[in-house]
file coords19.pdb (PDB, C-alpha atoms)
MODEL        1
ATOM      1  CA  MET A 977     -52.201 -54.693 -83.020
ATOM      2  CA  ALA A 978     -49.793 -51.783 -82.383
ATOM      3  CA  ARG A 979     -51.171 -48.312 -82.419
ATOM      4  CA  LYS A 980     -49.770 -45.883 -84.947
ATOM      5  CA  PRO A 981     -47.982 -42.899 -83.309
ATOM      6  CA  ARG A 982     -49.740 -39.556 -83.619
ATOM      7  CA  HIS A 983     -47.775 -36.563 -84.863
ATOM      8  CA  LEU A 984     -48.362 -32.947 -83.834
ATOM      9  CA  SER A 985     -50.350 -30.741 -86.093
ATOM     10  CA  PRO A 986     -48.724 -27.507 -87.252
ATOM     11  CA  GLU A 987     -50.832 -25.463 -84.755
ATOM     12  CA  GLU A 988     -49.882 -27.749 -81.842
ATOM     13  CA  LYS A 989     -46.181 -27.573 -82.829
ATOM     14  CA  ALA A 990     -46.289 -23.746 -82.950
ATOM     15  CA  LEU A 991     -47.957 -23.638 -79.501
ATOM     16  CA  TRP A 992     -45.343 -25.991 -78.042
ATOM     17  CA  ASP A 993     -42.464 -23.970 -79.427
ATOM     18  CA  SER A 994     -43.951 -20.767 -77.931
ATOM     19  CA  VAL A 995     -44.275 -22.365 -74.457
ATOM     20  CA  ALA A 996     -40.791 -23.869 -74.670
ATOM     21  CA  ARG A 997     -39.263 -20.431 -75.387
ATOM     22  CA  GLN A 998     -40.923 -18.844 -72.319
ATOM     23  CA  ALA A 999     -40.159 -21.654 -69.869
ATOM     24  CA  ALA A1000     -36.997 -21.485 -67.696
ATOM     25  CA  PRO A1001     -34.929 -24.638 -67.499
ATOM     26  CA  MET A1002     -35.142 -26.516 -64.177
ATOM     27  CA  ARG A1003     -31.434 -27.291 -64.183
ATOM     28  CA  LYS A1004     -28.666 -24.932 -65.140
ATOM     29  CA  PRO A1005     -26.547 -26.141 -67.934
ATOM     30  CA  ARG A1006     -23.300 -27.679 -66.802
ATOM     31  CA  ALA A1007     -20.188 -25.549 -67.067
ATOM     32  CA  PRO A1008     -17.507 -27.051 -69.163
ATOM     33  CA  ALA A1009     -14.989 -28.993 -67.121
ATOM     34  CA  PRO A1010     -11.893 -26.898 -66.327
ATOM     35  CA  GLU A1011      -8.692 -27.915 -67.898
ATOM     36  CA  ALA A1012      -6.550 -30.030 -65.630
ATOM     37  CA  LYS A1013      -3.785 -27.941 -64.056
ATOM     38  CA  PRO A1014      -0.459 -29.454 -63.194
ATOM     39  CA  ALA A1015      -0.233 -30.481 -59.542
ATOM     40  CA  PRO A1016       1.720 -27.931 -57.436
ATOM     41  CA  LYS A1017       5.111 -28.925 -56.180
ATOM     42  CA  PRO A1018       4.963 -30.186 -52.584
ATOM     43  CA  VAL A1019       6.406 -27.705 -50.035
ATOM     44  CA  ASP A1020       7.844 -28.554 -46.669
ATOM     45  CA  PRO A1021       5.167 -27.953 -44.058
ATOM     46  CA  ALA A1022       6.042 -25.166 -41.588
ATOM     47  CA  PRO A1023       6.510 -26.368 -38.009
ATOM     48  CA  PRO A1024       3.364 -25.755 -35.994
ATOM     49  CA  GLU A1025       3.543 -22.495 -34.030
ATOM     50  CA  THR A1026       3.635 -23.111 -30.324
ATOM     51  CA  PHE A1027       1.368 -20.765 -28.373
ATOM     52  CA  ASP A1028       1.210 -20.718 -24.605
ATOM     53  CA  PRO A1029      -2.177 -19.213 -23.647
ATOM     54  CA  LEU A1030      -0.957 -18.346 -20.136
ATOM     55  CA  PRO A1031       2.569 -17.020 -19.590
ATOM     56  CA  ARG A1032       4.571 -18.885 -17.031
ATOM     57  CA  PHE A1033       4.270 -17.288 -13.594
ATOM     58  CA  ARG A1034       6.188 -17.802 -10.381
ATOM     59  CA  VAL A1035       4.794 -16.554  -7.094
ATOM     60  CA  GLY A1036       6.713 -13.495  -5.922
ATOM     61  CA  GLN A1037       8.608 -12.917  -9.183
ATOM     62  CA  LYS A1038       7.703  -9.204  -9.252
ATOM     63  CA  ALA A1039       8.139  -8.575  -5.549
ATOM     64  CA  GLU A1040      10.675  -5.894  -4.638
ATOM     65  CA  THR A1041      12.650  -7.763  -2.039
ATOM     66  CA  ALA A1042      15.233  -5.000  -1.637
ATOM     67  CA  ARG A1043      12.640  -2.512  -0.385
ATOM     68  CA  LYS A1044      12.617  -1.826   3.343
ATOM     69  CA  ASP A1045       9.488  -2.484   5.302
ATOM     70  CA  ASP A1046       7.261   0.487   6.050
ATOM     71  CA  LEU A1047       6.685  -0.252   9.705
ATOM     72  CA  LEU A1048       6.964   2.780  11.928
ATOM     73  CA  PRO A1049       9.998   2.516  14.217
ATOM     74  CA  GLY A1050       9.439   2.416  17.954
ATOM     75  CA  LEU A1051       9.006   5.694  19.838
ATOM     76  CA  ARG A1052      12.358   5.391  21.596
ATOM     77  CA  ASP A1053      14.153   4.804  18.280
ATOM     78  CA  ARG A1054      12.402   7.778  16.648
ATOM     79  CA  LEU A1055      13.370  10.111  19.492
ATOM     80  CA  ARG A1056      16.975   8.943  19.394
ATOM     81  CA  ALA A1057      17.099   9.408  15.609
ATOM     82  CA  ALA A1058      15.722  12.955  15.830
ATOM     83  CA  PRO A1059      18.277  15.630  14.884
ATOM     84  CA  VAL A1060      20.110  17.223  17.794
ATOM     85  CA  ALA A1061      18.820  20.776  18.222
ATOM     86  CA  MET A1062      20.745  21.572  21.405
ATOM     87  CA  ASP A1063      24.472  21.788  22.098
ATOM     88  CA  ALA A1064      25.957  18.462  20.967
ATOM     89  CA  LYS A1065      28.315  18.181  23.948
ATOM     90  CA  ALA A1066      25.511  18.825  26.442
ATOM     91  CA  HIS A1067      23.301  16.359  24.548
ATOM     92  CA  GLY A1068      25.929  13.640  24.868
ATOM     93  CA  ARG A1069      26.261  14.248  28.613
ATOM     94  CA  MET A1070      22.484  14.268  29.007
ATOM     95  CA  THR A1071      21.933  10.915  27.202
ATOM     96  CA  ARG A1072      24.647   9.331  29.371
ATOM     97  CA  GLY A1073      22.841  10.541  32.502
ATOM     98  CA  LYS A1074      25.623  12.994  33.428
ATOM     99  CA  LEU A1075      23.354  16.063  33.520
ATOM    100  CA  ARG A1076      21.099  16.361  36.537
ATOM    101  CA  PRO A1077      17.501  17.487  35.836
ATOM    102  CA  GLU A1078      16.588  20.726  37.623
ATOM    103  CA  ALA A1079      12.982  19.646  38.263
ATOM    104  CA  ARG A1080      10.773  16.657  37.663
ATOM    105  CA  LEU A1081       7.102  15.938  37.043
ATOM    106  CA  ASP A1082       5.654  12.527  37.882
ATOM    107  CA  LEU A1083       2.591  11.708  35.729
ATOM    108  CA  HIS A1084       2.653   8.054  36.681
ATOM    109  CA  GLY A1085      -0.866   6.786  37.442
ATOM    110  CA  MET A1086      -2.704   9.825  36.024
ATOM    111  CA  THR A1087      -5.317   9.709  33.276
ATOM    112  CA  MET A1088      -4.730  11.601  30.038
ATOM    113  CA  SER A1089      -7.222  14.307  31.023
ATOM    114  CA  GLU A1090      -5.345  14.802  34.308
ATOM    115  CA  ALA A1091      -1.834  14.543  32.869
ATOM    116  CA  HIS A1092      -2.110  17.014  29.975
ATOM    117  CA  PRO A1093      -2.847  20.184  31.999
ATOM    118  CA  GLU A1094      -0.196  19.177  34.574
ATOM    119  CA  LEU A1095       2.388  18.812  31.797
ATOM    120  CA  VAL A1096       1.506  22.161  30.201
ATOM    121  CA  ALA A1097       1.705  24.020  33.510
ATOM    122  CA  PHE A1098       4.994  22.317  34.501
ATOM    123  CA  ILE A1099       6.806  22.982  31.199
ATOM    124  CA  LEU A1100       5.702  26.600  30.835
ATOM    125  CA  SER A1101       6.452  27.470  34.470
ATOM    126  CA  SER A1102       9.865  25.740  34.248
ATOM    127  CA  GLN A1103      10.762  27.772  31.172
ATOM    128  CA  ALA A1104       9.603  30.985  32.886
ATOM    129  CA  MET A1105      11.836  30.134  35.875
ATOM    130  CA  GLY A1106      14.873  29.719  33.575
ATOM    131  CA  ARG A1107      15.229  25.949  33.924
ATOM    132  CA  ARG A1108      16.899  24.152  31.008
ATOM    133  CA  LEU A1109      16.630  20.405  31.764
ATOM    134  CA  VAL A1110      13.561  18.837  33.353
ATOM    135  CA  LEU A1111      12.464  15.234  33.768
ATOM    136  CA  VAL A1112       8.956  14.035  32.936
ATOM    137  CA  ILE A1113       8.098  10.610  34.391
ATOM    138  CA  THR A1114       5.342   8.719  32.550
ATOM    139  CA  GLY A1115       5.864   5.143  33.719
ATOM    140  CA  LYS A1116       6.406   2.223  31.361
ATOM    141  CA  GLY A1117       2.786   1.140  31.237
ATOM    142  CA  ARG A1118       1.214  -2.030  32.520
ATOM    143  CA  GLU A1119       1.391  -5.235  30.528
ATOM    144  CA  LYS A1120      -2.074  -6.613  29.772
ATOM    145  CA  ASP A1121      -2.800 -10.076  31.135
ATOM    146  CA  TYR A1122      -4.717 -11.057  27.977
ATOM    147  CA  GLU A1123      -3.868 -11.319  24.313
ATOM    148  CA  ALA A1124      -5.594  -8.684  22.219
ATOM    149  CA  PRO A1125      -6.562  -9.450  18.595
ATOM    150  CA  MET A1126      -4.597  -6.366  17.486
ATOM    151  CA  PRO A1127      -1.336  -4.906  18.798
ATOM    152  CA  VAL A1128      -1.871  -2.798  21.901
ATOM    153  CA  ARG A1129       0.426  -0.006  23.061
ATOM    154  CA  HIS A1130       1.564  -0.330  26.625
ATOM    155  CA  GLY A1131       1.900   2.957  28.453
ATOM    156  CA  VAL A1132      -0.536   5.453  26.997
ATOM    157  CA  LEU A1133       1.177   8.430  28.640
ATOM    158  CA  ARG A1134       4.600   7.217  27.528
ATOM    159  CA  HIS A1135       3.412   7.509  23.904
ATOM    160  CA  GLN A1136       1.290  10.618  24.372
ATOM    161  CA  VAL A1137       3.708  12.928  26.224
ATOM    162  CA  PRO A1138       6.165  13.360  23.277
ATOM    163  CA  GLN A1139       3.214  14.233  21.044
ATOM    164  CA  TRP A1140       1.933  16.830  23.512
ATOM    165  CA  LEU A1141       5.424  18.320  23.779
ATOM    166  CA  GLY A1142       5.490  18.761  19.994
ATOM    167  CA  LEU A1143       2.185  20.651  19.893
ATOM    168  CA  SER A1144       1.257  24.183  20.838
ATOM    169  CA  PRO A1145       1.600  25.716  23.439
ATOM    170  CA  LEU A1146       4.573  23.531  24.487
ATOM    171  CA  ARG A1147       6.340  23.356  21.127
ATOM    172  CA  GLN A1148       7.802  26.869  21.475
ATOM    173  CA  ALA A1149       9.291  25.949  24.875
ATOM    174  CA  VAL A1150      10.855  22.577  24.010
ATOM    175  CA  LEU A1151      14.245  22.282  22.306
ATOM    176  CA  GLN A1152      14.891  18.536  22.649
ATOM    177  CA  ILE A1153      13.111  15.398  23.920
ATOM    178  CA  THR A1154      15.196  12.329  24.726
ATOM    179  CA  PRO A1155      14.462   9.069  26.568
ATOM    180  CA  ALA A1156      15.942   9.259  30.052
ATOM    181  CA  HIS A1157      19.008   7.383  31.190
ATOM    182  CA  ILE A1158      18.361   4.318  33.350
ATOM    183  CA  ARG A1159      19.425   6.233  36.482
ATOM    184  CA  HIS A1160      16.598   8.716  35.871
ATOM    185  CA  GLY A1161      13.831   6.283  34.907
ATOM    186  CA  GLY A1162      14.912   4.752  31.580
ATOM    187  CA  ASP A1163      11.978   3.833  29.327
ATOM    188  CA  GLY A1164       9.488   5.317  31.763
ATOM    189  CA  ALA A1165      10.781   8.920  31.653
ATOM    190  CA  TYR A1166      11.917  11.676  29.275
ATOM    191  CA  TYR A1167      14.508  14.406  29.448
ATOM    192  CA  VAL A1168      12.964  17.643  28.180
ATOM    193  CA  TYR A1169      15.542  20.309  27.326
ATOM    194  CA  LEU A1170      13.898  23.736  27.292
ATOM    195  CA  ARG A1171      14.616  26.850  25.257
ATOM    196  CA  ARG A1172      15.651  30.004  27.091
ATOM    197  CA  ALA A1173      12.709  32.205  27.977
ATOM    198  CA  ARG A1174      12.522  35.367  25.843
TER     199      ARG A1174
ENDMDL
END
call {"tool": "encode", "arguments": {"input": "coords19.pdb", "output": "structure tokens"}}
result
Amino acid sequence: MARKPRHLSPEEKALWDSVARQAAPMRKPRAPAPEAKPAPKPVDPAPPETFDPLPRFRVGQKAETARKDDLLPGLRDRLRAAPVAMDAKAHGRMTRGKLRPEARLDLHGMTMSEAHPELVAFILSSQAMGRRLVLVITGKGREKDYEAPMPVRHGVLRHQVPQWLGLSPLRQAVLQITPAHIRHGGDGAYYVYLRRAR
């Protein structure tokens, strides 16, 4: 036999209504469905932008190929390119070996510590005696019989003598330094043209 449903009493109904007012709903109420908008007109898609993350590079593209190298010219070339401080006509005759040196100093075979005081004494005494053109023989230097890991200068005195002549106390006495003509020693000697003694 079916049971008869029980109804709430007025007190129970009032209690239920009070609880129902204080309780928060578990689900939010659904928002009303938006009105259907007309579909937008199709637009032509823009072509994809090409982006190259690394710019193209060619080896040597920024190199300045027109620039001259910065290697120091050889000593002989530097002396020949030096401005002429003496009489141009006499300089021309001297470089052609037409002027005869009035005295000569042979430093060939000496060490630097031996050669420097000899050179100073020779140049200063020659100037005091009124000489104008003297010859300083240095020798060409000996070729080494081995290959060095770095470039090696042959003829230490050949490279050092022009530097000594450009320093005090010899600088005030020297007017011009020029590599000697082949008849007076060529690469192994220098013409030193002296200033007049004051």
call {"tool": "resolve_selection", "arguments": {"input": "coords19.pdb", "expression": "the PyMOL selection byres ((chain A and resi 1159-1164) around 12)", "output": "JSON, numbers by chain"}}
result
{"A": [1050, 1051, 1052, 1053, 1055, 1070, 1071, 1072, 1073, 1074, 1075, 1076, 1077, 1079, 1080, 1081, 1082, 1083, 1084, 1085, 1110, 1111, 1112, 1113, 1114, 1115, 1116, 1117, 1118, 1130, 1131, 1132, 1133, 1134, 1135, 1137, 1154, 1155, 1156, 1157, 1158, 1165, 1166, 1167]}
call {"tool": "resolve_selection", "arguments": {"input": "coords19.pdb", "expression": "the PyMOL selection byres ((chain A and resi 1060-1062) around 12)", "output": "number ranges by chain"}}
result
A: 1055-1059, 1063-1071, 1108-1109, 1150-1154, 1168-1172
call {"tool": "write_last_selection", "arguments": {"input": "coords19.pdb", "atoms": "C-alpha atoms", "output": "compact mmCIF listing (two decimals), in the frame of the given file"}}
result
# COMPACT_ATOMS: atom_id res chain seq x y z
CA LEU A 1055 13.37 10.11 19.49
CA ARG A 1056 16.98 8.94 19.39
CA ALA A 1057 17.10 9.41 15.61
CA ALA A 1058 15.72 12.96 15.83
CA PRO A 1059 18.28 15.63 14.88
CA ASP A 1063 24.47 21.79 22.10
CA ALA A 1064 25.96 18.46 20.97
CA LYS A 1065 28.32 18.18 23.95
CA ALA A 1066 25.51 18.82 26.44
CA HIS A 1067 23.30 16.36 24.55
CA GLY A 1068 25.93 13.64 24.87
CA ARG A 1069 26.26 14.25 28.61
CA MET A 1070 22.48 14.27 29.01
CA THR A 1071 21.93 10.92 27.20
CA ARG A 1108 16.90 24.15 31.01
CA LEU A 1109 16.63 20.40 31.76
CA VAL A 1150 10.86 22.58 24.01
CA LEU A 1151 14.24 22.28 22.31
CA GLN A 1152 14.89 18.54 22.65
CA ILE A 1153 13.11 15.40 23.92
CA THR A 1154 15.20 12.33 24.73
CA VAL A 1168 12.96 17.64 28.18
CA TYR A 1169 15.54 20.31 27.33
CA LEU A 1170 13.90 23.74 27.29
CA ARG A 1171 14.62 26.85 25.26
CA ARG A 1172 15.65 30.00 27.09
call {"tool": "axis_aligned_box", "arguments": {"input": "coords19.pdb", "around": "segment 982-989 of chain A", "padding_each_side": "5 Å", "output": "JSON"}}
result
{"center_x": -48.5, "center_y": -32.5, "center_z": -84.5, "size_x": 14.7, "size_y": 24.1, "size_z": 15.4}
call {"tool": "atom_distance", "arguments": {"input": "coords19.pdb", "atom1": "atom CA of Pro1145 of chain A", "atom2": "atom CA of Ser1089 of chain A"}}
result
16.3 Å
call {"tool": "atom_distance", "arguments": {"input": "coords19.pdb", "atom1": "atom CA of Thr1087 of chain A", "atom2": "atom CA of Leu1143 of chain A"}}
result
18.8 Å
call {"tool": "atom_distance", "arguments": {"input": "coords19.pdb", "atom1": "atom CA of Pro1093 of chain A", "atom2": "atom CA of Ala1173 of chain A"}}
result
20.1 Å
call {"tool": "closest_residue", "arguments": {"input": "coords19.pdb", "among": "A:Leu1030, A:Arg1174, A:Val1035, A:Glu1040", "to": "Gln1103 of chain A", "atoms": "only C-alpha atoms"}}
result
A:Arg1174
call {"tool": "build_atoms", "arguments": {"input": "coords19.pdb", "residues": "segment 1080-1104 of chain A", "atoms": "N, CA and C atoms", "output": "CSV table (one decimal), in the frame of the given file"}}
result
chain,number,residue,atom,x,y,z
A,1080,ARG,N,11.4,17.8,38.2
A,1080,ARG,CA,10.8,16.7,37.7
A,1080,ARG,C,9.3,16.7,37.9
A,1081,LEU,N,8.6,16.1,37.0
A,1081,LEU,CA,7.1,15.9,37.0
A,1081,LEU,C,6.8,14.5,36.9
A,1082,ASP,N,6.0,13.9,37.9
A,1082,ASP,CA,5.7,12.5,37.9
A,1082,ASP,C,4.2,12.4,37.5
A,1083,LEU,N,4.0,11.9,36.2
A,1083,LEU,CA,2.6,11.7,35.7
A,1083,LEU,C,2.1,10.3,35.9
A,1084,HIS,N,3.0,9.5,36.5
A,1084,HIS,CA,2.7,8.1,36.7
A,1084,HIS,C,1.3,7.9,37.4
A,1085,GLY,N,0.4,7.1,36.8
A,1085,GLY,CA,-0.9,6.8,37.4
A,1085,GLY,C,-2.0,7.8,37.1
A,1086,MET,N,-1.7,8.9,36.4
A,1086,MET,CA,-2.7,9.8,36.0
A,1086,MET,C,-3.4,9.4,34.7
A,1087,THR,N,-4.6,9.9,34.6
A,1087,THR,CA,-5.3,9.7,33.3
A,1087,THR,C,-4.8,10.8,32.3
A,1088,MET,N,-5.2,10.6,31.0
A,1088,MET,CA,-4.7,11.6,30.0
A,1088,MET,C,-5.3,13.0,30.3
A,1089,SER,N,-6.6,13.0,30.8
A,1089,SER,CA,-7.2,14.3,31.0
A,1089,SER,C,-6.6,15.0,32.2
A,1090,GLU,N,-6.0,14.2,33.2
A,1090,GLU,CA,-5.3,14.8,34.3
A,1090,GLU,C,-3.9,15.2,34.0
A,1091,ALA,N,-3.3,14.4,33.1
A,1091,ALA,CA,-1.8,14.5,32.9
A,1091,ALA,C,-1.6,15.7,31.9
A,1092,HIS,N,-2.4,16.0,31.0
A,1092,HIS,CA,-2.1,17.0,30.0
A,1092,HIS,C,-2.0,18.4,30.6
A,1093,PRO,N,-3.0,18.8,31.4
A,1093,PRO,CA,-2.8,20.2,32.0
A,1093,PRO,C,-1.7,20.3,33.0
A,1094,GLU,N,-1.4,19.2,33.7
A,1094,GLU,CA,-0.2,19.2,34.6
A,1094,GLU,C,1.1,19.4,33.8
A,1095,LEU,N,1.2,18.7,32.6
A,1095,LEU,CA,2.4,18.8,31.8
A,1095,LEU,C,2.5,20.2,31.2
A,1096,VAL,N,1.4,20.8,30.8
A,1096,VAL,CA,1.5,22.2,30.2
A,1096,VAL,C,2.0,23.2,31.3
A,1097,ALA,N,1.4,23.1,32.4
A,1097,ALA,CA,1.7,24.0,33.5
A,1097,ALA,C,3.2,23.8,33.9
A,1098,PHE,N,3.6,22.6,34.1
A,1098,PHE,CA,5.0,22.3,34.5
A,1098,PHE,C,6.0,22.9,33.5
A,1099,ILE,N,5.8,22.6,32.2
A,1099,ILE,CA,6.8,23.0,31.2
A,1099,ILE,C,6.9,24.5,31.1
A,1100,LEU,N,5.7,25.1,31.0
A,1100,LEU,CA,5.7,26.6,30.8
A,1100,LEU,C,6.2,27.3,32.1
A,1101,SER,N,5.9,26.8,33.3
A,1101,SER,CA,6.5,27.5,34.5
A,1101,SER,C,7.9,27.2,34.6
A,1102,SER,N,8.4,26.0,34.2
A,1102,SER,CA,9.9,25.7,34.2
A,1102,SER,C,10.6,26.6,33.3
A,1103,GLN,N,10.1,26.9,32.1
A,1103,GLN,CA,10.8,27.8,31.2
A,1103,GLN,C,10.8,29.2,31.7
A,1104,ALA,N,9.7,29.6,32.3
A,1104,ALA,CA,9.6,31.0,32.9
A,1104,ALA,C,10.6,31.2,34.0
